[in-house]
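Asks: This structure is in structure tokens; I'll ask about it shortly.
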Amino acid sequence: MLKDIAIYGAGGFGREVACLIRLINEQSPQWNLIGFFDDVKAVGTENEYGKVLGGIDALNAWEKPLDIAIAIGSPQTVHLISSKINNSLVDFPNLISPDTKFLDKDNIALGKGNIIAVSCSFSCAVKIGDFNSFNSHINVGHDAEIGNYNALMPGVKISGGVRIGEENFLGVDSVVLQYLTIGRNTVIGANSVVIRKTKDNNTYVGNPAKLIKY
């Protein structure tokens, strides 16, 4: 029997996650997508994959078991939304594209609510927390540790032994070299190469990546 699932966030990323769910179901039927929850778009707003069912209040009042995928690009917003969901009937599955490569499936730790899009690969002894998004064609090296609420855009490369904390945003095709640490609330710009430890709550851009101030 298929489990009901809804997507929190009816924007572009939410639509991509709808496609990911369909892709997973083609390989092994698991979910029945019932629609979207969104705090900005009006109830009944529709895209090609479903309708908006309501916002956080509607979700917390939902009376049946429901899986939820939080599909929002901002790490801070993902953290906020996840903290507001208090419905005991809601669960947060990991959505993993069928073509994901785990070099050692028995030697990876994976939390809840993670979204792994197409063509991602994970080496051995990788540890991943909760509510991270891996947005396609991402490579994660051996012994890397990724905390909670991080957003990795397409093409990101994480080298071996890297430590990534919480609420970080890594832009398209950015690279983090081996055994470096990215702590919290850090933005790494597109095509940037991180060659030294970053400082929290800052933005880094370039090759090599340098701190910038607005």
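Numbering starts fresh at 1 for the residues of each chain in the structure tokens, the chains themselves are lettered A, B, ... in the order given, and ligands are numbered from 1 as they appear.
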Can you list every residue of segment 90-191 of chain A that has an atom at most 10 Å from segment 20-30 of chain A, with its nearest atom pair and the distance in Å to one decimal, using only C-alpha atoms, ordered by chain then number, as a tab-separated table?
Replies:
```
residue	atom	partner	partner_atom	distance
A:Leu95	CA	A:Ile21	CA	7.4
A:Ile96	CA	A:Ile24	CA	7.6
A:Ser97	CA	A:Ile24	CA	6.2
A:Pro98	CA	A:Ile24	CA	6.1
A:Asp99	CA	A:Ile24	CA	9.5
A:Ile115	CA	A:Leu20	CA	9.1
A:Ile116	CA	A:Leu20	CA	8.8
A:Ala117	CA	A:Leu20	CA	6.8
A:Val118	CA	A:Leu20	CA	8.0
```
Asks: Write the selection just made, keeping N, CA and C atoms, as a PDB file, in the first residue's frame?
Replies:
```pdb
ATOM      1  N   LEU A  95      14.250  11.005   0.848  1.00  0.00           N
ATOM      2  CA  LEU A  95      13.949  10.784  -0.562  1.00  0.00           C
ATOM      3  C   LEU A  95      15.264  10.655  -1.312  1.00  0.00           C
ATOM      4  N   ILE A  96      15.524   9.464  -1.846  1.00  0.00           N
ATOM      5  CA  ILE A  96      16.824   9.167  -2.444  1.00  0.00           C
ATOM      6  C   ILE A  96      16.627   8.697  -3.870  1.00  0.00           C
ATOM      7  N   SER A  97      17.202   9.415  -4.806  1.00  0.00           N
ATOM      8  CA  SER A  97      17.093   9.029  -6.207  1.00  0.00           C
ATOM      9  C   SER A  97      17.624   7.607  -6.427  1.00  0.00           C
ATOM     10  N   PRO A  98      16.953   6.831  -7.260  1.00  0.00           N
ATOM     11  CA  PRO A  98      17.395   5.447  -7.476  1.00  0.00           C
ATOM     12  C   PRO A  98      18.810   5.314  -8.014  1.00  0.00           C
ATOM     13  N   ASP A  99      19.338   6.348  -8.668  1.00  0.00           N
ATOM     14  CA  ASP A  99      20.683   6.242  -9.237  1.00  0.00           C
ATOM     15  C   ASP A  99      21.775   6.721  -8.290  1.00  0.00           C
ATOM     16  N   ILE A 115      16.914  15.024   1.209  1.00  0.00           N
ATOM     17  CA  ILE A 115      16.519  14.909  -0.190  1.00  0.00           C
ATOM     18  C   ILE A 115      17.786  14.757  -1.021  1.00  0.00           C
ATOM     19  N   ILE A 116      17.895  13.627  -1.710  1.00  0.00           N
ATOM     20  CA  ILE A 116      19.063  13.352  -2.546  1.00  0.00           C
ATOM     21  C   ILE A 116      18.586  13.197  -3.980  1.00  0.00           C
ATOM     22  N   ALA A 117      18.882  14.193  -4.808  1.00  0.00           N
ATOM     23  CA  ALA A 117      18.420  14.195  -6.196  1.00  0.00           C
ATOM     24  C   ALA A 117      19.334  13.333  -7.069  1.00  0.00           C
ATOM     25  N   VAL A 118      19.160  13.404  -8.364  1.00  0.00           N
ATOM     26  CA  VAL A 118      19.794  12.468  -9.292  1.00  0.00           C
ATOM     27  C   VAL A 118      21.312  12.637  -9.345  1.00  0.00           C
TER      28      VAL A 118
END
```
Asks: Would you mind listing what lies within 12 Å of Ala71 of chain A as a PyMOL selection string, with only C-alpha atoms counted and same-chain residues fewer than 5 positions away left out?
Replies: chain A and resi 6-21+36-38+77-79+81-82+92+94-95+113-117+131-135+149-151
Asks: For those residues, write C-alpha atoms to a file as a short mmCIF file (atom, residue, chain, number, x, y, z; two decimals), in the first residue's frame.
Replies:
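Produced file out39.cif, reproduced below:
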```cif
data_model
loop_
_atom_site.label_atom_id
_atom_site.label_comp_id
_atom_site.auth_asym_id
_atom_site.auth_seq_id
_atom_site.Cartn_x
_atom_site.Cartn_y
_atom_site.Cartn_z
CA ALA A 6 3.06 15.89 0.57
CA ILE A 7 5.72 18.45 -0.23
CA TYR A 8 6.24 21.54 1.92
CA GLY A 9 7.02 24.26 -0.58
CA ALA A 10 5.18 24.62 -3.89
CA GLY A 11 7.90 26.53 -5.72
CA GLY A 12 10.49 25.33 -8.21
CA PHE A 13 12.32 23.05 -5.81
CA GLY A 14 9.03 21.57 -4.65
CA ARG A 15 8.14 20.73 -8.24
CA GLU A 16 11.55 19.10 -8.67
CA VAL A 17 10.92 16.99 -5.59
CA ALA A 18 7.57 15.95 -7.07
CA CYS A 19 9.51 14.69 -10.09
CA LEU A 20 11.93 12.88 -7.76
CA ILE A 21 9.03 11.12 -6.03
CA PHE A 36 1.70 20.67 -1.36
CA PHE A 37 1.76 22.75 1.79
CA ASP A 38 2.89 26.35 1.47
CA THR A 77 13.63 28.40 6.52
CA VAL A 78 13.84 24.59 6.46
CA HIS A 79 14.98 24.68 10.09
CA ILE A 81 9.44 25.00 9.31
CA SER A 82 10.63 21.69 10.69
CA PHE A 92 10.00 12.79 7.41
CA ASN A 94 14.62 10.35 3.15
CA LEU A 95 13.95 10.78 -0.56
CA GLY A 113 14.15 14.36 5.96
CA ASN A 114 17.07 14.39 3.53
CA ILE A 115 16.52 14.91 -0.19
CA ILE A 116 19.06 13.35 -2.55
CA ALA A 117 18.42 14.19 -6.20
CA PHE A 131 16.88 17.89 6.51
CA ASN A 132 19.74 18.33 4.05
CA SER A 133 19.17 18.77 0.33
CA PHE A 134 21.62 17.37 -2.24
CA ASN A 135 20.51 18.98 -5.45
CA TYR A 149 19.64 21.89 7.42
CA ASN A 150 22.30 22.30 4.73
CA ALA A 151 21.55 23.06 1.07
#
```
Asks: So how many Å separate atom CA of Val156 of chain A and atom CA of Lys213 of chain A, to one decimal?
Replies: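 Separation between atom CA of Val156 of chain A and atom CA of Lys213 of chain A: 22.9 Å.
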Asks: Give the answer as one residue: which of A:Ser74, A:Asn107, A:Asn87, A:Gln178 has the shortest atom-to-atom distance to Ala125 of chain A, using only C-alpha atoms?
Replies: A:Asn107
Asks: How many Å separate atom CA of Ser136 of chain A from atom CA of Asp91 of chain A?
Replies: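 Distance between the two atoms: 23.6 Å.
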Asks: Which residues are close to Lys197 of chain A, i.e. within 7 Å by only C-alpha atoms, leaving aside same-chain residues fewer than 2 positions away? Reply as a PDB file with C-alpha atoms, in the first residue's frame.
Replies:
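The resulting result_32.pdb:
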```pdb
ATOM      1  CA  LEU A 180      38.266  21.534   6.096  1.00  0.00           C
ATOM      2  CA  THR A 181      35.411  22.687   8.326  1.00  0.00           C
ATOM      3  CA  ILE A 182      32.425  24.838   7.416  1.00  0.00           C
ATOM      4  CA  LYS A 199      34.151  31.679   9.752  1.00  0.00           C
TER       5      LYS A 199
END
```
Asks: If you measure from atom CA of Asp106 of chain A to atom CA of Val126 of chain A, what distance in Å do you get, rounded to one decimal?
Replies: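 Separation of atom CA of Asp106 of chain A and atom CA of Val126 of chain A: 10.4 Å.
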Asks: Nearest to Val172 of chain A: which of A:Lys41, A:Thr186, A:His137, A:Asp143 is it, counting only C-alpha atoms?
Replies: A:His137
Asks: Taking the chain letters and numbering used in this document, name the residues of segment 12-127 of chain A that DSSP puts in helix (DSSP H, G or I), as an MDAnalysis selection string.
Replies: chainID A and resid 12:27 56:60 75:84 105:107
Asks: Selection from above, C-alpha atoms, as a PDB file, in the first residue's frame, can you write it?
Replies:
```
ATOM      1  CA  GLY A  12      10.488  25.335  -8.214  1.00  0.00           C
ATOM      2  CA  PHE A  13      12.322  23.048  -5.807  1.00  0.00           C
ATOM      3  CA  GLY A  14       9.030  21.571  -4.649  1.00  0.00           C
ATOM      4  CA  ARG A  15       8.145  20.731  -8.237  1.00  0.00           C
ATOM      5  CA  GLU A  16      11.555  19.100  -8.670  1.00  0.00           C
ATOM      6  CA  VAL A  17      10.921  16.985  -5.589  1.00  0.00           C
ATOM      7  CA  ALA A  18       7.569  15.951  -7.075  1.00  0.00           C
ATOM      8  CA  CYS A  19       9.510  14.693 -10.090  1.00  0.00           C
ATOM      9  CA  LEU A  20      11.933  12.881  -7.764  1.00  0.00           C
ATOM     10  CA  ILE A  21       9.031  11.123  -6.027  1.00  0.00           C
ATOM     11  CA  ARG A  22       7.694  10.029  -9.388  1.00  0.00           C
ATOM     12  CA  LEU A  23      11.146   8.743 -10.357  1.00  0.00           C
ATOM     13  CA  ILE A  24      11.408   6.745  -7.132  1.00  0.00           C
ATOM     14  CA  ASN A  25       7.932   5.302  -7.664  1.00  0.00           C
ATOM     15  CA  GLU A  26       8.887   4.165 -11.155  1.00  0.00           C
ATOM     16  CA  GLN A  27      11.674   2.091  -9.620  1.00  0.00           C
ATOM     17  CA  ILE A  56       1.578  25.071   8.732  1.00  0.00           C
ATOM     18  CA  ASP A  57      -1.723  25.175  10.618  1.00  0.00           C
ATOM     19  CA  ALA A  58      -3.382  22.846   8.122  1.00  0.00           C
ATOM     20  CA  LEU A  59      -0.485  20.414   8.356  1.00  0.00           C
ATOM     21  CA  ASN A  60      -0.501  20.384  12.143  1.00  0.00           C
ATOM     22  CA  PRO A  75      18.480  26.291   5.155  1.00  0.00           C
ATOM     23  CA  GLN A  76      17.200  28.681   7.798  1.00  0.00           C
ATOM     24  CA  THR A  77      13.628  28.395   6.516  1.00  0.00           C
ATOM     25  CA  VAL A  78      13.841  24.594   6.455  1.00  0.00           C
ATOM     26  CA  HIS A  79      14.976  24.681  10.085  1.00  0.00           C
ATOM     27  CA  LEU A  80      12.141  27.024  11.051  1.00  0.00           C
ATOM     28  CA  ILE A  81       9.439  25.005   9.311  1.00  0.00           C
ATOM     29  CA  SER A  82      10.629  21.686  10.689  1.00  0.00           C
ATOM     30  CA  SER A  83      10.575  23.147  14.206  1.00  0.00           C
ATOM     31  CA  LYS A  84       6.961  24.301  13.770  1.00  0.00           C
ATOM     32  CA  LYS A 105      25.844   1.138   1.998  1.00  0.00           C
ATOM     33  CA  ASP A 106      26.652  -0.484   5.328  1.00  0.00           C
ATOM     34  CA  ASN A 107      28.992   2.324   6.332  1.00  0.00           C
TER      35      ASN A 107
END
```
Asks: Give me the residues within 8 Å of Asn32 of chain A as a ChimeraX atom specification, counting only C-alpha atoms and dropping any in the same chain fewer than 5 places off.
Replies: /A:2-5
Asks: Give me a file of those residues, with C-alpha atoms, as a PDB file, in the first residue's frame.
Replies:
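The resulting result.pdb:
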```
ATOM      1  CA  LEU A   2       1.336   3.403  -0.987  1.00  0.00           C
ATOM      2  CA  LYS A   3       1.966   5.943   1.780  1.00  0.00           C
ATOM      3  CA  ASP A   4       0.567   9.446   1.427  1.00  0.00           C
ATOM      4  CA  ILE A   5       3.203  12.119   0.999  1.00  0.00           C
TER       5      ILE A   5
END
```
Asks: Given only C-alpha atoms as the basis, pick out the residue of A:Gly206, A:Gly111, A:Gly155, A:Pro65 nearest to Val90 of chain A.
Replies: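 Once distances to Val90 of chain A are computed over only C-alpha atoms, the minimum belongs to A:Pro65.
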Asks: What parts of chain A does DSSP call strand (DSSP E)? I'd like the answer as a PyMOL selection string.
Replies: chain A and resi 3-8+31-37+46-47+50-54+66-70+90-91+95-96+101-102+108-110+115-116+121-122+126-128+133-134+139-140+145-146+151-152+157-158+163-166+169-170+175-176+181-184+187-188+193-194+203-205+210-212
Asks: Restricting the output to C-alpha atoms, write the selected residues as a PDB file, in the first residue's frame.
Replies:
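Final output, part_4.pdb:
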```pdb
ATOM      1  CA  LYS A   3       1.966   5.943   1.780  1.00  0.00           C
ATOM      2  CA  ASP A   4       0.567   9.446   1.427  1.00  0.00           C
ATOM      3  CA  ILE A   5       3.203  12.119   0.999  1.00  0.00           C
ATOM      4  CA  ALA A   6       3.057  15.887   0.572  1.00  0.00           C
ATOM      5  CA  ILE A   7       5.718  18.453  -0.226  1.00  0.00           C
ATOM      6  CA  TYR A   8       6.242  21.538   1.920  1.00  0.00           C
ATOM      7  CA  TRP A  31       4.250   7.083  -2.193  1.00  0.00           C
ATOM      8  CA  ASN A  32       0.988   8.704  -3.203  1.00  0.00           C
ATOM      9  CA  LEU A  33       1.632  12.426  -3.685  1.00  0.00           C
ATOM     10  CA  ILE A  34      -1.434  14.247  -2.354  1.00  0.00           C
ATOM     11  CA  GLY A  35      -0.260  17.817  -2.924  1.00  0.00           C
ATOM     12  CA  PHE A  36       1.696  20.674  -1.359  1.00  0.00           C
ATOM     13  CA  PHE A  37       1.760  22.748   1.794  1.00  0.00           C
ATOM     14  CA  GLU A  46      -2.202  24.458  -8.538  1.00  0.00           C
ATOM     15  CA  ASN A  47       0.859  23.457 -10.527  1.00  0.00           C
ATOM     16  CA  GLY A  50      -0.773  19.057  -7.432  1.00  0.00           C
ATOM     17  CA  LYS A  51      -2.603  21.654  -5.367  1.00  0.00           C
ATOM     18  CA  VAL A  52      -1.707  23.623  -2.257  1.00  0.00           C
ATOM     19  CA  LEU A  53      -3.544  22.078   0.701  1.00  0.00           C
ATOM     20  CA  GLY A  54      -2.777  24.817   3.210  1.00  0.00           C
ATOM     21  CA  LEU A  66       1.454  11.706   6.282  1.00  0.00           C
ATOM     22  CA  ASP A  67       5.035  11.803   5.041  1.00  0.00           C
ATOM     23  CA  ILE A  68       6.421  15.286   4.404  1.00  0.00           C
ATOM     24  CA  ALA A  69       9.352  16.429   2.270  1.00  0.00           C
ATOM     25  CA  ILE A  70      10.460  19.995   3.008  1.00  0.00           C
ATOM     26  CA  VAL A  90       3.793  13.412  10.319  1.00  0.00           C
ATOM     27  CA  ASP A  91       6.972  11.600   9.368  1.00  0.00           C
ATOM     28  CA  LEU A  95      13.949  10.784  -0.562  1.00  0.00           C
ATOM     29  CA  ILE A  96      16.824   9.167  -2.444  1.00  0.00           C
ATOM     30  CA  LYS A 101      25.780   5.700  -5.528  1.00  0.00           C
ATOM     31  CA  PHE A 102      26.796   4.653  -2.010  1.00  0.00           C
ATOM     32  CA  ILE A 108      26.872   5.437   5.963  1.00  0.00           C
ATOM     33  CA  ALA A 109      24.781   7.179   8.631  1.00  0.00           C
ATOM     34  CA  LEU A 110      21.703   9.005   7.374  1.00  0.00           C
ATOM     35  CA  ILE A 115      16.519  14.909  -0.190  1.00  0.00           C
ATOM     36  CA  ILE A 116      19.063  13.352  -2.546  1.00  0.00           C
ATOM     37  CA  SER A 121      27.602   9.767  -4.984  1.00  0.00           C
ATOM     38  CA  PHE A 122      28.765   9.169  -1.417  1.00  0.00           C
ATOM     39  CA  VAL A 126      29.946   9.367   5.472  1.00  0.00           C
ATOM     40  CA  LYS A 127      27.682  10.774   8.192  1.00  0.00           C
ATOM     41  CA  ILE A 128      24.649  12.885   7.292  1.00  0.00           C
ATOM     42  CA  SER A 133      19.173  18.774   0.328  1.00  0.00           C
ATOM     43  CA  PHE A 134      21.621  17.371  -2.238  1.00  0.00           C
ATOM     44  CA  ASN A 139      30.047  14.053  -4.797  1.00  0.00           C
ATOM     45  CA  VAL A 140      30.806  13.528  -1.106  1.00  0.00           C
ATOM     46  CA  GLU A 145      30.315  14.681   8.105  1.00  0.00           C
ATOM     47  CA  ILE A 146      27.343  16.855   7.181  1.00  0.00           C
ATOM     48  CA  ALA A 151      21.551  23.063   1.073  1.00  0.00           C
ATOM     49  CA  LEU A 152      24.011  21.790  -1.537  1.00  0.00           C
ATOM     50  CA  LYS A 157      32.173  18.564  -4.514  1.00  0.00           C
ATOM     51  CA  ILE A 158      32.911  17.712  -0.882  1.00  0.00           C
ATOM     52  CA  ARG A 163      33.028  18.728   8.368  1.00  0.00           C
ATOM     53  CA  ILE A 164      29.925  20.767   7.579  1.00  0.00           C
ATOM     54  CA  GLY A 165      27.744  22.003  10.447  1.00  0.00           C
ATOM     55  CA  GLU A 166      24.262  23.498  10.185  1.00  0.00           C
ATOM     56  CA  PHE A 169      24.397  27.011   1.615  1.00  0.00           C
ATOM     57  CA  LEU A 170      26.883  25.723  -0.972  1.00  0.00           C
ATOM     58  CA  VAL A 175      34.292  22.760  -3.986  1.00  0.00           C
ATOM     59  CA  VAL A 176      35.436  22.164  -0.399  1.00  0.00           C
ATOM     60  CA  THR A 181      35.411  22.687   8.326  1.00  0.00           C
ATOM     61  CA  ILE A 182      32.425  24.838   7.416  1.00  0.00           C
ATOM     62  CA  GLY A 183      30.579  25.632  10.622  1.00  0.00           C
ATOM     63  CA  ARG A 184      27.217  27.383  10.583  1.00  0.00           C
ATOM     64  CA  VAL A 187      27.278  30.823   2.122  1.00  0.00           C
ATOM     65  CA  ILE A 188      29.743  29.508  -0.450  1.00  0.00           C
ATOM     66  CA  VAL A 193      36.841  26.699  -4.052  1.00  0.00           C
ATOM     67  CA  VAL A 194      37.220  26.617  -0.272  1.00  0.00           C
ATOM     68  CA  THR A 203      29.816  34.585   2.628  1.00  0.00           C
ATOM     69  CA  TYR A 204      32.777  33.312   0.598  1.00  0.00           C
ATOM     70  CA  VAL A 205      33.231  33.736  -3.142  1.00  0.00           C
ATOM     71  CA  LYS A 210      37.535  34.763   0.014  1.00  0.00           C
ATOM     72  CA  LEU A 211      35.298  36.354   2.602  1.00  0.00           C
ATOM     73  CA  ILE A 212      33.175  39.161   1.241  1.00  0.00           C
TER      74      ILE A 212
END
```
